[in-house]
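*Asks:* Enclosed is the structure file entry-v2.cif (mmCIF, C-alpha atoms and all ligand atoms).
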```
data_input
#
loop_
_atom_site.group_PDB
_atom_site.id
_atom_site.type_symbol
_atom_site.label_atom_id
_atom_site.label_comp_id
_atom_site.auth_asym_id
_atom_site.auth_seq_id
_atom_site.Cartn_x
_atom_site.Cartn_y
_atom_site.Cartn_z
ATOM 1 C CA MET A 1 -30.599 20.721 -38.868
ATOM 2 C CA LYS A 2 -30.592 17.001 -38.269
ATOM 3 C CA LYS A 3 -26.826 17.062 -38.279
ATOM 4 C CA LEU A 4 -26.799 19.892 -35.744
ATOM 5 C CA ALA A 5 -29.143 17.969 -33.452
ATOM 6 C CA LYS A 6 -26.809 14.993 -33.658
ATOM 7 C CA ILE A 7 -23.847 17.142 -32.755
ATOM 8 C CA ALA A 8 -25.786 18.662 -29.861
ATOM 9 C CA ALA A 9 -26.746 15.194 -28.610
ATOM 10 C CA PHE A 10 -23.159 14.063 -28.889
ATOM 11 C CA LEU A 11 -21.920 17.097 -26.961
ATOM 12 C CA LEU A 12 -24.540 16.577 -24.274
ATOM 13 C CA ALA A 13 -23.525 12.922 -23.925
ATOM 14 C CA ALA A 14 -19.894 13.964 -23.685
ATOM 15 C CA VAL A 15 -20.647 16.486 -20.939
ATOM 16 C CA MET A 16 -22.653 13.882 -19.026
ATOM 17 C CA THR A 17 -19.854 11.330 -19.289
ATOM 18 C CA VAL A 18 -17.320 13.826 -18.010
ATOM 19 C CA SER A 19 -19.478 14.821 -15.046
ATOM 20 C CA ALA A 20 -20.280 11.179 -14.245
ATOM 21 C CA ALA A 21 -16.575 10.372 -14.235
ATOM 22 C CA GLY A 22 -16.050 13.453 -12.085
ATOM 23 C CA CYS A 23 -18.564 12.146 -9.568
ATOM 24 C CA SER A 24 -16.488 9.214 -8.464
ATOM 25 C CA SER A 25 -13.503 11.389 -7.687
ATOM 26 C CA THR A 26 -15.434 14.157 -6.021
ATOM 27 C CA LYS A 27 -17.676 12.160 -3.719
ATOM 28 C CA THR A 28 -18.386 14.552 -0.877
ATOM 29 C CA LEU A 29 -18.270 13.735 2.827
ATOM 30 C CA ALA A 30 -22.045 14.206 2.773
ATOM 31 C CA ASP A 31 -22.297 11.512 0.060
ATOM 32 C CA ILE A 32 -20.267 9.105 2.223
ATOM 33 C CA GLN A 33 -22.367 9.921 5.262
ATOM 34 C CA LYS A 34 -25.556 9.440 3.292
ATOM 35 C CA SER A 35 -24.366 6.009 2.102
ATOM 36 C CA GLY A 36 -23.600 5.102 5.725
ATOM 37 C CA LYS A 37 -20.261 3.485 4.878
ATOM 38 C CA LEU A 38 -16.663 4.326 4.177
ATOM 39 C CA MET A 39 -15.333 1.987 1.488
ATOM 40 C CA MET A 40 -11.714 1.192 2.229
ATOM 41 C CA SER A 41 -9.679 -1.063 -0.044
ATOM 42 C CA THR A 42 -6.506 -2.823 0.993
ATOM 43 C CA ASN A 43 -4.402 -5.901 0.271
ATOM 44 C CA ALA A 44 -4.493 -8.090 3.368
ATOM 45 C CA GLU A 45 -1.129 -9.770 2.802
ATOM 46 C CA PHE A 46 0.960 -7.266 4.695
ATOM 47 C CA GLU A 47 1.223 -8.047 8.392
ATOM 48 C CA PRO A 48 1.217 -6.022 10.673
ATOM 49 C CA PHE A 49 -0.570 -3.350 8.578
ATOM 50 C CA GLU A 50 -3.277 -5.593 7.095
ATOM 51 C CA TYR A 51 -3.631 -9.354 7.268
ATOM 52 C CA LYS A 52 -6.168 -12.032 7.905
ATOM 53 C CA ASP A 53 -6.760 -13.376 11.371
ATOM 54 C CA GLY A 54 -9.270 -16.173 11.050
ATOM 55 C CA GLY A 55 -11.660 -14.808 8.472
ATOM 56 C CA GLU A 56 -11.212 -11.223 9.562
ATOM 57 C CA VAL A 57 -8.971 -8.549 8.053
ATOM 58 C CA VAL A 58 -7.074 -6.847 10.888
ATOM 59 C CA GLY A 59 -4.034 -4.602 11.365
ATOM 60 C CA ILE A 60 -2.774 -1.075 11.892
ATOM 61 C CA ASP A 61 -4.319 0.323 8.693
ATOM 62 C CA ILE A 62 -7.695 -1.208 9.532
ATOM 63 C CA GLU A 63 -7.719 0.444 12.954
ATOM 64 C CA ILE A 64 -6.721 3.821 11.520
ATOM 65 C CA SER A 65 -9.455 3.536 8.883
ATOM 66 C CA GLN A 66 -11.912 2.588 11.609
ATOM 67 C CA LYS A 67 -11.118 5.878 13.344
ATOM 68 C CA ILE A 68 -11.711 7.793 10.110
ATOM 69 C CA ALA A 69 -15.071 6.026 9.655
ATOM 70 C CA GLU A 70 -15.984 6.846 13.269
ATOM 71 C CA ALA A 71 -15.114 10.509 12.741
ATOM 72 C CA LEU A 72 -17.499 10.517 9.787
ATOM 73 C CA GLY A 73 -20.137 8.636 11.757
ATOM 74 C CA VAL A 74 -20.295 5.731 9.277
ATOM 75 C CA GLU A 75 -19.456 2.018 9.136
ATOM 76 C CA LEU A 76 -16.098 0.905 7.745
ATOM 77 C CA GLU A 77 -16.316 -1.535 4.844
ATOM 78 C CA VAL A 78 -12.991 -3.230 4.050
ATOM 79 C CA THR A 79 -12.376 -4.825 0.650
ATOM 80 C CA ASP A 80 -9.355 -7.062 0.166
ATOM 81 C CA ILE A 81 -7.989 -6.867 -3.400
ATOM 82 C CA ALA A 82 -4.662 -7.262 -5.217
ATOM 83 C CA PHE A 83 -2.116 -4.561 -4.413
ATOM 84 C CA ASP A 84 -1.859 -3.372 -8.008
ATOM 85 C CA SER A 85 -5.674 -3.015 -8.198
ATOM 86 C CA LEU A 86 -5.816 -0.504 -5.325
ATOM 87 C CA ILE A 87 -5.152 2.682 -7.282
ATOM 88 C CA PRO A 88 -7.568 1.643 -10.092
ATOM 89 C CA ALA A 89 -10.222 1.031 -7.385
ATOM 90 C CA LEU A 90 -9.837 4.639 -6.220
ATOM 91 C CA GLN A 91 -9.925 5.922 -9.779
ATOM 92 C CA SER A 92 -13.117 4.049 -10.642
ATOM 93 C CA GLY A 93 -14.880 5.073 -7.426
ATOM 94 C CA LYS A 94 -15.013 1.513 -6.039
ATOM 95 C CA ALA A 95 -13.033 2.715 -3.033
ATOM 96 C CA ASP A 96 -13.201 5.946 -1.042
ATOM 97 C CA LEU A 97 -9.764 5.416 0.385
ATOM 98 C CA VAL A 98 -6.830 3.031 0.348
ATOM 99 C CA ALA A 99 -4.872 2.189 3.486
ATOM 100 C CA ALA A 100 -2.358 -0.471 2.542
ATOM 101 C CA GLY A 101 1.069 0.396 3.878
ATOM 102 C CA MET A 102 1.220 2.317 0.629
ATOM 103 C CA THR A 103 4.297 4.414 0.062
ATOM 104 C CA ALA A 104 3.553 7.959 -1.055
ATOM 105 C CA ASP A 105 5.721 8.181 -4.149
ATOM 106 C CA GLU A 106 5.863 10.627 -7.033
ATOM 107 C CA GLU A 107 4.633 8.184 -9.667
ATOM 108 C CA ARG A 108 1.473 7.346 -7.693
ATOM 109 C CA ARG A 109 0.883 11.021 -6.906
ATOM 110 C CA LYS A 110 0.012 11.460 -10.587
ATOM 111 C CA SER A 111 -3.065 9.237 -10.076
ATOM 112 C CA VAL A 112 -4.129 9.739 -6.445
ATOM 113 C CA ASP A 113 -3.750 12.185 -3.561
ATOM 114 C CA PHE A 114 -1.884 11.121 -0.428
ATOM 115 C CA SER A 115 -2.565 12.090 3.169
ATOM 116 C CA ASP A 116 0.166 13.284 5.484
ATOM 117 C CA PRO A 117 2.531 10.389 6.162
ATOM 118 C CA TYR A 118 1.774 8.238 9.219
ATOM 119 C CA PHE A 119 4.647 5.766 9.189
ATOM 120 C CA ASN A 120 8.299 5.529 8.102
ATOM 121 C CA ALA A 121 9.442 2.368 6.374
ATOM 122 C CA SER A 122 12.176 0.976 4.145
ATOM 123 C CA GLN A 123 12.894 -1.944 1.862
ATOM 124 C CA ALA A 124 14.579 -4.860 3.577
ATOM 125 C CA ILE A 125 16.317 -7.973 2.267
ATOM 126 C CA ILE A 126 15.287 -11.424 3.519
ATOM 127 C CA VAL A 127 17.568 -14.402 2.913
ATOM 128 C CA THR A 128 17.710 -17.973 4.226
ATOM 129 C CA SER A 129 19.464 -18.368 7.575
ATOM 130 C CA ASP A 130 22.407 -20.179 5.979
ATOM 131 C CA SER A 131 22.719 -17.801 2.987
ATOM 132 C CA GLU A 132 26.100 -16.339 2.059
ATOM 133 C CA ILE A 133 24.387 -13.133 0.960
ATOM 134 C CA ALA A 134 25.561 -10.606 3.546
ATOM 135 C CA GLY A 135 24.439 -7.317 2.003
ATOM 136 C CA PRO A 136 22.870 -5.706 -1.080
ATOM 137 C CA GLU A 137 26.174 -5.813 -2.974
ATOM 138 C CA ASP A 138 25.847 -9.616 -3.060
ATOM 139 C CA LEU A 139 22.569 -9.484 -5.004
ATOM 140 C CA ALA A 140 24.172 -8.471 -8.330
ATOM 141 C CA ASP A 141 24.119 -12.046 -9.677
ATOM 142 C CA LYS A 142 21.063 -13.269 -7.740
ATOM 143 C CA THR A 143 17.360 -13.872 -8.341
ATOM 144 C CA VAL A 144 15.203 -11.756 -6.055
ATOM 145 C CA GLY A 145 11.492 -12.121 -5.289
ATOM 146 C CA VAL A 146 9.251 -9.070 -4.805
ATOM 147 C CA GLN A 147 5.560 -8.328 -4.499
ATOM 148 C CA LEU A 148 4.152 -7.155 -7.827
ATOM 149 C CA GLY A 149 3.678 -3.405 -8.184
ATOM 150 C CA THR A 150 5.287 -2.445 -4.902
ATOM 151 C CA THR A 151 8.186 -0.125 -4.194
ATOM 152 C CA GLY A 152 10.283 -3.283 -3.628
ATOM 153 C CA ASP A 153 9.422 -4.300 -7.199
ATOM 154 C CA GLN A 154 10.345 -0.807 -8.432
ATOM 155 C CA TYR A 155 13.664 -0.863 -6.587
ATOM 156 C CA CYS A 156 14.712 -4.271 -7.883
ATOM 157 C CA THR A 157 13.470 -3.620 -11.422
ATOM 158 C CA ASN A 158 15.548 -0.419 -11.386
ATOM 159 C CA GLU A 159 13.957 0.901 -14.542
ATOM 160 C CA LYS A 160 15.831 4.199 -14.527
ATOM 161 C CA GLY A 161 19.079 2.444 -13.726
ATOM 162 C CA GLU A 162 19.887 4.827 -10.878
ATOM 163 C CA ASN A 163 20.073 2.466 -7.875
ATOM 164 C CA GLU A 164 23.286 1.876 -6.014
ATOM 165 C CA TYR A 165 22.634 -1.880 -5.938
ATOM 166 C CA THR A 166 21.303 -4.094 -8.706
ATOM 167 C CA VAL A 167 19.941 -7.634 -8.923
ATOM 168 C CA ALA A 168 20.342 -10.160 -11.750
ATOM 169 C CA GLU A 169 16.705 -11.255 -12.031
ATOM 170 C CA VAL A 170 13.430 -10.107 -10.490
ATOM 171 C CA ARG A 171 10.632 -12.576 -9.826
ATOM 172 C CA ARG A 172 7.239 -10.989 -9.134
ATOM 173 C CA TYR A 173 4.602 -12.525 -6.862
ATOM 174 C CA ASN A 174 1.045 -11.508 -5.994
ATOM 175 C CA LYS A 175 1.693 -12.070 -2.312
ATOM 176 C CA GLY A 176 4.801 -11.480 -0.237
ATOM 177 C CA MET A 177 4.211 -14.872 1.407
ATOM 178 C CA GLU A 178 4.538 -16.634 -1.953
ATOM 179 C CA ALA A 179 7.938 -15.022 -2.461
ATOM 180 C CA VAL A 180 9.026 -16.084 1.027
ATOM 181 C CA SER A 181 7.832 -19.669 0.369
ATOM 182 C CA ASP A 182 9.901 -19.802 -2.820
ATOM 183 C CA LEU A 183 12.884 -18.443 -0.891
ATOM 184 C CA MET A 184 12.554 -21.182 1.744
ATOM 185 C CA ALA A 185 12.165 -23.785 -1.018
ATOM 186 C CA GLY A 186 15.426 -22.594 -2.586
ATOM 187 C CA ARG A 187 13.802 -21.366 -5.799
ATOM 188 C CA ILE A 188 15.015 -17.772 -5.365
ATOM 189 C CA ASP A 189 17.981 -16.269 -3.484
ATOM 190 C CA ALA A 190 16.395 -13.352 -1.600
ATOM 191 C CA VAL A 191 13.192 -11.378 -1.099
ATOM 192 C CA VAL A 192 13.016 -7.580 -1.057
ATOM 193 C CA ILE A 193 9.990 -6.314 0.850
ATOM 194 C CA ASP A 194 9.026 -3.620 3.380
ATOM 195 C CA ASN A 195 10.890 -3.898 6.691
ATOM 196 C CA PHE A 196 7.936 -4.522 9.039
ATOM 197 C CA PRO A 197 6.333 -7.334 7.007
ATOM 198 C CA ALA A 198 9.897 -8.697 6.584
ATOM 199 C CA GLN A 199 10.255 -8.856 10.374
ATOM 200 C CA LYS A 200 6.896 -10.613 10.667
ATOM 201 C CA PHE A 201 7.888 -13.218 8.079
ATOM 202 C CA VAL A 202 11.050 -13.909 10.073
ATOM 203 C CA GLU A 203 9.144 -14.036 13.393
ATOM 204 C CA ASN A 204 6.919 -16.684 11.808
ATOM 205 C CA ASN A 205 9.850 -18.698 10.386
ATOM 206 C CA PRO A 206 12.758 -17.906 12.727
ATOM 207 C CA ASP A 207 14.890 -20.955 11.906
ATOM 208 C CA ALA A 208 14.594 -20.729 8.146
ATOM 209 C CA ILE A 209 15.092 -17.054 7.265
ATOM 210 C CA LYS A 210 16.632 -13.784 8.482
ATOM 211 C CA VAL A 211 16.543 -10.077 7.607
ATOM 212 C CA LEU A 212 19.756 -8.282 6.668
ATOM 213 C CA ASP A 213 20.622 -4.968 8.323
ATOM 214 C CA THR A 214 20.676 -2.763 5.219
ATOM 215 C CA ALA A 215 17.713 -0.497 4.462
ATOM 216 C CA LEU A 216 17.589 -0.088 0.670
ATOM 217 C CA THR A 217 15.176 2.866 0.659
ATOM 218 C CA GLU A 218 13.508 5.465 2.874
ATOM 219 C CA GLU A 219 9.738 5.555 2.432
ATOM 220 C CA GLU A 220 6.661 7.044 4.049
ATOM 221 C CA TYR A 221 3.261 5.355 4.223
ATOM 222 C CA ALA A 222 0.200 7.484 3.582
ATOM 223 C CA ILE A 223 -3.499 6.987 2.964
ATOM 224 C CA ALA A 224 -4.585 7.460 -0.638
ATOM 225 C CA VAL A 225 -7.819 9.139 -1.756
ATOM 226 C CA PRO A 226 -9.195 9.842 -5.246
ATOM 227 C CA LYS A 227 -7.309 12.647 -6.928
ATOM 228 C CA GLY A 228 -8.870 16.027 -6.239
ATOM 229 C CA ASN A 229 -11.003 14.942 -3.284
ATOM 230 C CA THR A 230 -9.606 17.586 -0.931
ATOM 231 C CA GLU A 231 -12.616 17.460 1.379
ATOM 232 C CA LEU A 232 -11.977 13.793 2.187
ATOM 233 C CA LEU A 233 -8.218 14.343 2.229
ATOM 234 C CA ASP A 234 -8.545 17.154 4.794
ATOM 235 C CA LYS A 235 -10.727 14.951 6.974
ATOM 236 C CA VAL A 236 -8.226 12.069 6.808
ATOM 237 C CA ASN A 237 -5.388 14.446 7.728
ATOM 238 C CA GLU A 238 -7.427 15.870 10.590
ATOM 239 C CA VAL A 239 -8.053 12.368 12.010
ATOM 240 C CA LEU A 240 -4.398 11.356 11.551
ATOM 241 C CA ALA A 241 -3.240 14.519 13.344
ATOM 242 C CA SER A 242 -5.578 13.940 16.259
ATOM 243 C CA LEU A 243 -4.534 10.260 16.528
ATOM 244 C CA GLU A 244 -0.915 11.366 16.632
ATOM 245 C CA GLU A 245 -1.530 14.098 19.163
ATOM 246 C CA SER A 246 -3.590 11.951 21.513
ATOM 247 C CA GLY A 247 -1.078 9.103 21.430
ATOM 248 C CA GLU A 248 -3.730 6.771 19.972
ATOM 249 C CA LEU A 249 -1.647 6.117 16.865
ATOM 250 C CA ASP A 250 1.256 4.891 19.017
ATOM 251 C CA GLU A 251 -1.186 2.737 20.946
ATOM 252 C CA ILE A 252 -2.513 1.154 17.761
ATOM 253 C CA VAL A 253 0.992 0.558 16.384
ATOM 254 C CA GLY A 254 2.109 -0.851 19.768
ATOM 255 C CA LYS A 255 -0.542 -3.538 19.555
ATOM 256 C CA TYR A 256 1.079 -4.966 16.428
ATOM 257 C CA ILE A 257 4.751 -4.019 16.634
ATOM 258 C CA ALA A 258 6.753 -4.680 19.783
ATOM 259 C CA ALA A 259 8.739 -1.623 20.921
ATOM 260 C CA GLU A 260 12.484 -2.060 20.398
HETATM 261 N N1 LIG A 301 5.094 0.045 0.749
HETATM 262 C C1 LIG A 301 5.095 -0.745 -0.434
HETATM 263 C C2 LIG A 301 4.465 0.019 -1.578
HETATM 264 O O1 LIG A 301 3.774 0.961 -1.343
HETATM 265 C C3 LIG A 301 4.406 -2.100 -0.240
HETATM 266 C C4 LIG A 301 2.984 -2.014 0.178
HETATM 267 C C5 LIG A 301 2.253 -3.355 0.214
HETATM 268 O O2 LIG A 301 2.721 -4.364 -0.291
HETATM 269 N N2 LIG A 301 1.114 -3.375 0.807
HETATM 270 O O3 LIG A 301 4.632 -0.317 -2.702
#
```
Can the structure from this file be put into C-alpha cells for me?

*Replies:*
Amino acid sequence: MKKLAKIAAFLLAAVMTVSAAGCSSTKTLADIQKSGKLMMSTNAEFEPFEYKDGGEVVGIDIEISQKIAEALGVELEVTDIAFDSLIPALQSGKADLVAAGMTADEERRKSVDFSDPYFNASQAIIVTSDSEIAGPEDLADKTVGVQLGTTGDQYCTNEKGENEYTVAEVRRYNKGMEAVSDLMAGRIDAVVIDNFPAQKFVENNPDAIKVLDTALTEEEYAIAVPKGNTELLDKVNEVLASLEESGELDEIVGKYIAAE
C-alpha cells in the first residue's frame, strides 16, 4: 500500500511538472494582458534592428514589438541578452516573444514558432578598405569573424559541408562590433554578418572598412514565440499584416534605413 501511495505521489508530481512546463509555452493572451506587459527579448547589438542609443534600446524590431504590445493593450518590456540565449529565454518562459533580426530557419523551427516573415536579408562580407579579398572565393585560406550562434556563424562553420564557399578558420564573437574591431585591428581577415548591420558598421567606419557585393545567403527575419503558442502567433501575424497593409512597416523601416 505504502509503495502504491509513493507511486501515486510520484505520478502526481510528474503530471504537475509537465503541466507547469506547459504553462510557460502556452501563456494565453489573457495571461499577458493580466500581467500588463509583453516581455520581449532581443540582443541590442544589431543596428538598425536593435541597438543602444544612449541608455535606451531602439530600432526597427523595438518599434514593431511596441505595436504588438499596443494591440494587446499592454506595456512593452525589452530585455537585452546574448543572441544565443534568446531561444532558451522563450523556452523557459522568460520571454513572450523574440524580435532580434532573427532568421526563420529550419533548425530553430524545432524549438520555437516563427511569425510570417517581415524582412528579407542576406549574409554579407566586410573587409578592410585596402583588402585584396574581392569575393567569397578569396576566403578559402582566411580567418573570418562571425557573431556566435547566428546564421553567419552557421554559414562559415559549414557543418554539413554543403556551401559553395568555405573559410579556413572561424572566429566567434559575442557582438558583431567586436568582430569588426578585430578586423580593423588586423587580427582577422573578414567579417560575415547580416547585410544591414554590415552597412551600418561601414557607415560608422567609412574609411577603414567596406562591404563586398556578394550575398552569401537569402534569409527572412521573423518574430519568434514559444513553440505551440498559436494564439500569440496569430496575434503577431495579424499585427504584422496590418502594419504592412497600412504602410506603417515601411515608415518604421524608413526611419532607420535610407531608401536606395
Ligand atoms: N539573422 C541572423 C540570425 O538570425 C543574425 C541575427 C542577429 O545577430 N541578431 O542568426

*Asks:* Taking only C-alpha atoms into account, name the residue in A:Gln66, A:Asn43, A:Ser129, A:Asn120 that is nearest to Ile87 (chain A).

*Replies:*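 Nearest to Ile87 (chain A): A:Asn43.
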
*Asks:* Which of these, A:Lys175, A:Lys67, A:Lys37, A:Lys142, has the shortest distance to ligand LIG 301 (chain A) once you count only C-alpha atoms and all ligand atoms?

*Replies:*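 Counting only C-alpha atoms and all ligand atoms, the residue closest to ligand LIG 301 (chain A) is A:Lys175.
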
*Asks:* Give me the residues near Ala208 (chain A) as a list of chain:residue names, where near means some atom within 12 Å (using only C-alpha atoms) and where sequence neighbours in that chain fewer than 3 positions away do not count.

*Replies:*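 Using only C-alpha atoms, the neighbours found are A:Ile126, A:Val127, A:Thr128, A:Ser129, A:Asp130, A:Ser131, A:Val180, A:Ser181, A:Asp182, A:Leu183, A:Met184, A:Ala185, A:Gly186, A:Phe201, A:Val202, A:Glu203, A:Asn204, A:Asn205, A:Val211.
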
*Asks:* Include C-alpha atoms and write out the residues we just selected as a PDB file, in the frame of the given file.

*Replies:*
```
ATOM      1  CA  ILE A 126      15.287 -11.424   3.519  1.00  0.00           C
ATOM      2  CA  VAL A 127      17.568 -14.402   2.913  1.00  0.00           C
ATOM      3  CA  THR A 128      17.710 -17.973   4.226  1.00  0.00           C
ATOM      4  CA  SER A 129      19.464 -18.368   7.575  1.00  0.00           C
ATOM      5  CA  ASP A 130      22.407 -20.179   5.979  1.00  0.00           C
ATOM      6  CA  SER A 131      22.719 -17.801   2.987  1.00  0.00           C
ATOM      7  CA  VAL A 180       9.026 -16.084   1.027  1.00  0.00           C
ATOM      8  CA  SER A 181       7.832 -19.669   0.369  1.00  0.00           C
ATOM      9  CA  ASP A 182       9.901 -19.802  -2.820  1.00  0.00           C
ATOM     10  CA  LEU A 183      12.884 -18.443  -0.891  1.00  0.00           C
ATOM     11  CA  MET A 184      12.554 -21.182   1.744  1.00  0.00           C
ATOM     12  CA  ALA A 185      12.165 -23.785  -1.018  1.00  0.00           C
ATOM     13  CA  GLY A 186      15.426 -22.594  -2.586  1.00  0.00           C
ATOM     14  CA  PHE A 201       7.888 -13.218   8.079  1.00  0.00           C
ATOM     15  CA  VAL A 202      11.050 -13.909  10.073  1.00  0.00           C
ATOM     16  CA  GLU A 203       9.144 -14.036  13.393  1.00  0.00           C
ATOM     17  CA  ASN A 204       6.919 -16.684  11.808  1.00  0.00           C
ATOM     18  CA  ASN A 205       9.850 -18.698  10.386  1.00  0.00           C
ATOM     19  CA  VAL A 211      16.543 -10.077   7.607  1.00  0.00           C
TER      20      VAL A 211
END
```

*Asks:* Can you tell me which residues surround Asn237 (chain A) at a distance of at most 12 Å, considering only C-alpha atoms, apart from same-chain residues fewer than 5 positions away, and format the answer as a ChimeraX atom specification?

*Replies:* /A:64-65,67-68,71,113-118,222-225,230-232,242-244

*Asks:* Given the selection you just returned, output its residues as a file containing C-alpha atoms, formatted as a PDB file, keeping the file's coordinate frame.

*Replies:*
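Listing of out36.pdb after writing:
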```pdb
ATOM      1  CA  ILE A  64      -6.721   3.821  11.520  1.00  0.00           C
ATOM      2  CA  SER A  65      -9.455   3.536   8.883  1.00  0.00           C
ATOM      3  CA  LYS A  67     -11.118   5.878  13.344  1.00  0.00           C
ATOM      4  CA  ILE A  68     -11.711   7.793  10.110  1.00  0.00           C
ATOM      5  CA  ALA A  71     -15.114  10.509  12.741  1.00  0.00           C
ATOM      6  CA  ASP A 113      -3.750  12.185  -3.561  1.00  0.00           C
ATOM      7  CA  PHE A 114      -1.884  11.121  -0.428  1.00  0.00           C
ATOM      8  CA  SER A 115      -2.565  12.090   3.169  1.00  0.00           C
ATOM      9  CA  ASP A 116       0.166  13.284   5.484  1.00  0.00           C
ATOM     10  CA  PRO A 117       2.531  10.389   6.162  1.00  0.00           C
ATOM     11  CA  TYR A 118       1.774   8.238   9.219  1.00  0.00           C
ATOM     12  CA  ALA A 222       0.200   7.484   3.582  1.00  0.00           C
ATOM     13  CA  ILE A 223      -3.499   6.987   2.964  1.00  0.00           C
ATOM     14  CA  ALA A 224      -4.585   7.460  -0.638  1.00  0.00           C
ATOM     15  CA  VAL A 225      -7.819   9.139  -1.756  1.00  0.00           C
ATOM     16  CA  THR A 230      -9.606  17.586  -0.931  1.00  0.00           C
ATOM     17  CA  GLU A 231     -12.616  17.460   1.379  1.00  0.00           C
ATOM     18  CA  LEU A 232     -11.977  13.793   2.187  1.00  0.00           C
ATOM     19  CA  SER A 242      -5.578  13.940  16.259  1.00  0.00           C
ATOM     20  CA  LEU A 243      -4.534  10.260  16.528  1.00  0.00           C
ATOM     21  CA  GLU A 244      -0.915  11.366  16.632  1.00  0.00           C
TER      22      GLU A 244
END
```

*Asks:* What's the 8 Å shell around Ala95 (chain A), counting only C-alpha atoms, without same-chain residues fewer than 6 positions away, as a list in words?

*Replies:*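 Contacts, with the query itself left out: Met39, Met40, Ser41 and Ala89 of chain A.
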
*Asks:* Enumerate as a VMD selection string the residues within 9 Å of ligand LIG 301 (chain A), counting only C-alpha atoms and all ligand atoms.

*Replies:* chain A and resid 42 to 47 49 to 50 83 to 84 99 to 105 121 to 123 147 to 154 175 to 176 193 to 194 197 219 to 222

*Asks:* To one decimal place, how far is CA of Ala258 (chain A) from CA of Glu132 (chain A) in Å?

*Replies:*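 Result for CA of Ala258 (chain A) versus CA of Glu132 (chain A): 28.7 Å, one decimal.
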
*Asks:* Could you tell me which of A:Leu249, A:Ala198, A:Ile188, A:Val236 comes closest to Glu70 (chain A) if we count only C-alpha atoms?

*Replies:*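 Counting only C-alpha atoms, the residue closest to Glu70 (chain A) is A:Val236.
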
*Asks:* Identify which of the residues A:Val74, A:Val146, A:Ala124, A:Ile32 lies closest to Asp96 (chain A), counting only C-alpha atoms when measuring atom-to-atom distances.

*Replies:*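 Of all the options, A:Ile32 lies closest to Asp96 (chain A).
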
*Asks:* One decimal, Å: what's the distance from CA of Asp207 (chain A) over to CA of Ile125 (chain A), could you say?

*Replies:* 16.2 Å

*Asks:* For Val112 (chain A), which residue among A:Lys255, A:Lys210, A:Lys227, A:Lys27 is the nearest when counting only C-alpha atoms?

*Replies:*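 Of all the options, A:Lys227 lies closest to Val112 (chain A).
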
*Asks:* Work out how far apart CA of Val144 (chain A) and CA of Glu106 (chain A) are and give it in Å to one decimal.

*Replies:* 24.3 Å

*Asks:* Taking the file as I've supplied it (selection: the PyMOL selection byres (((chain A and resi 33) around 10) and not hetatm)), which residues are included? Please answer as number ranges by chain.

*Replies:* A: 28-32, 34-38, 69, 72-75

*Asks:* Rank A:Lys94, A:Lys52, A:Arg172, A:Lys235 by their smallest atom-to-atom distance to Thr143 (chain A), using only C-alpha atoms, and report the top residue only.

*Replies:*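 Residue with the minimum atom-to-atom distance to Thr143 (chain A): A:Arg172.
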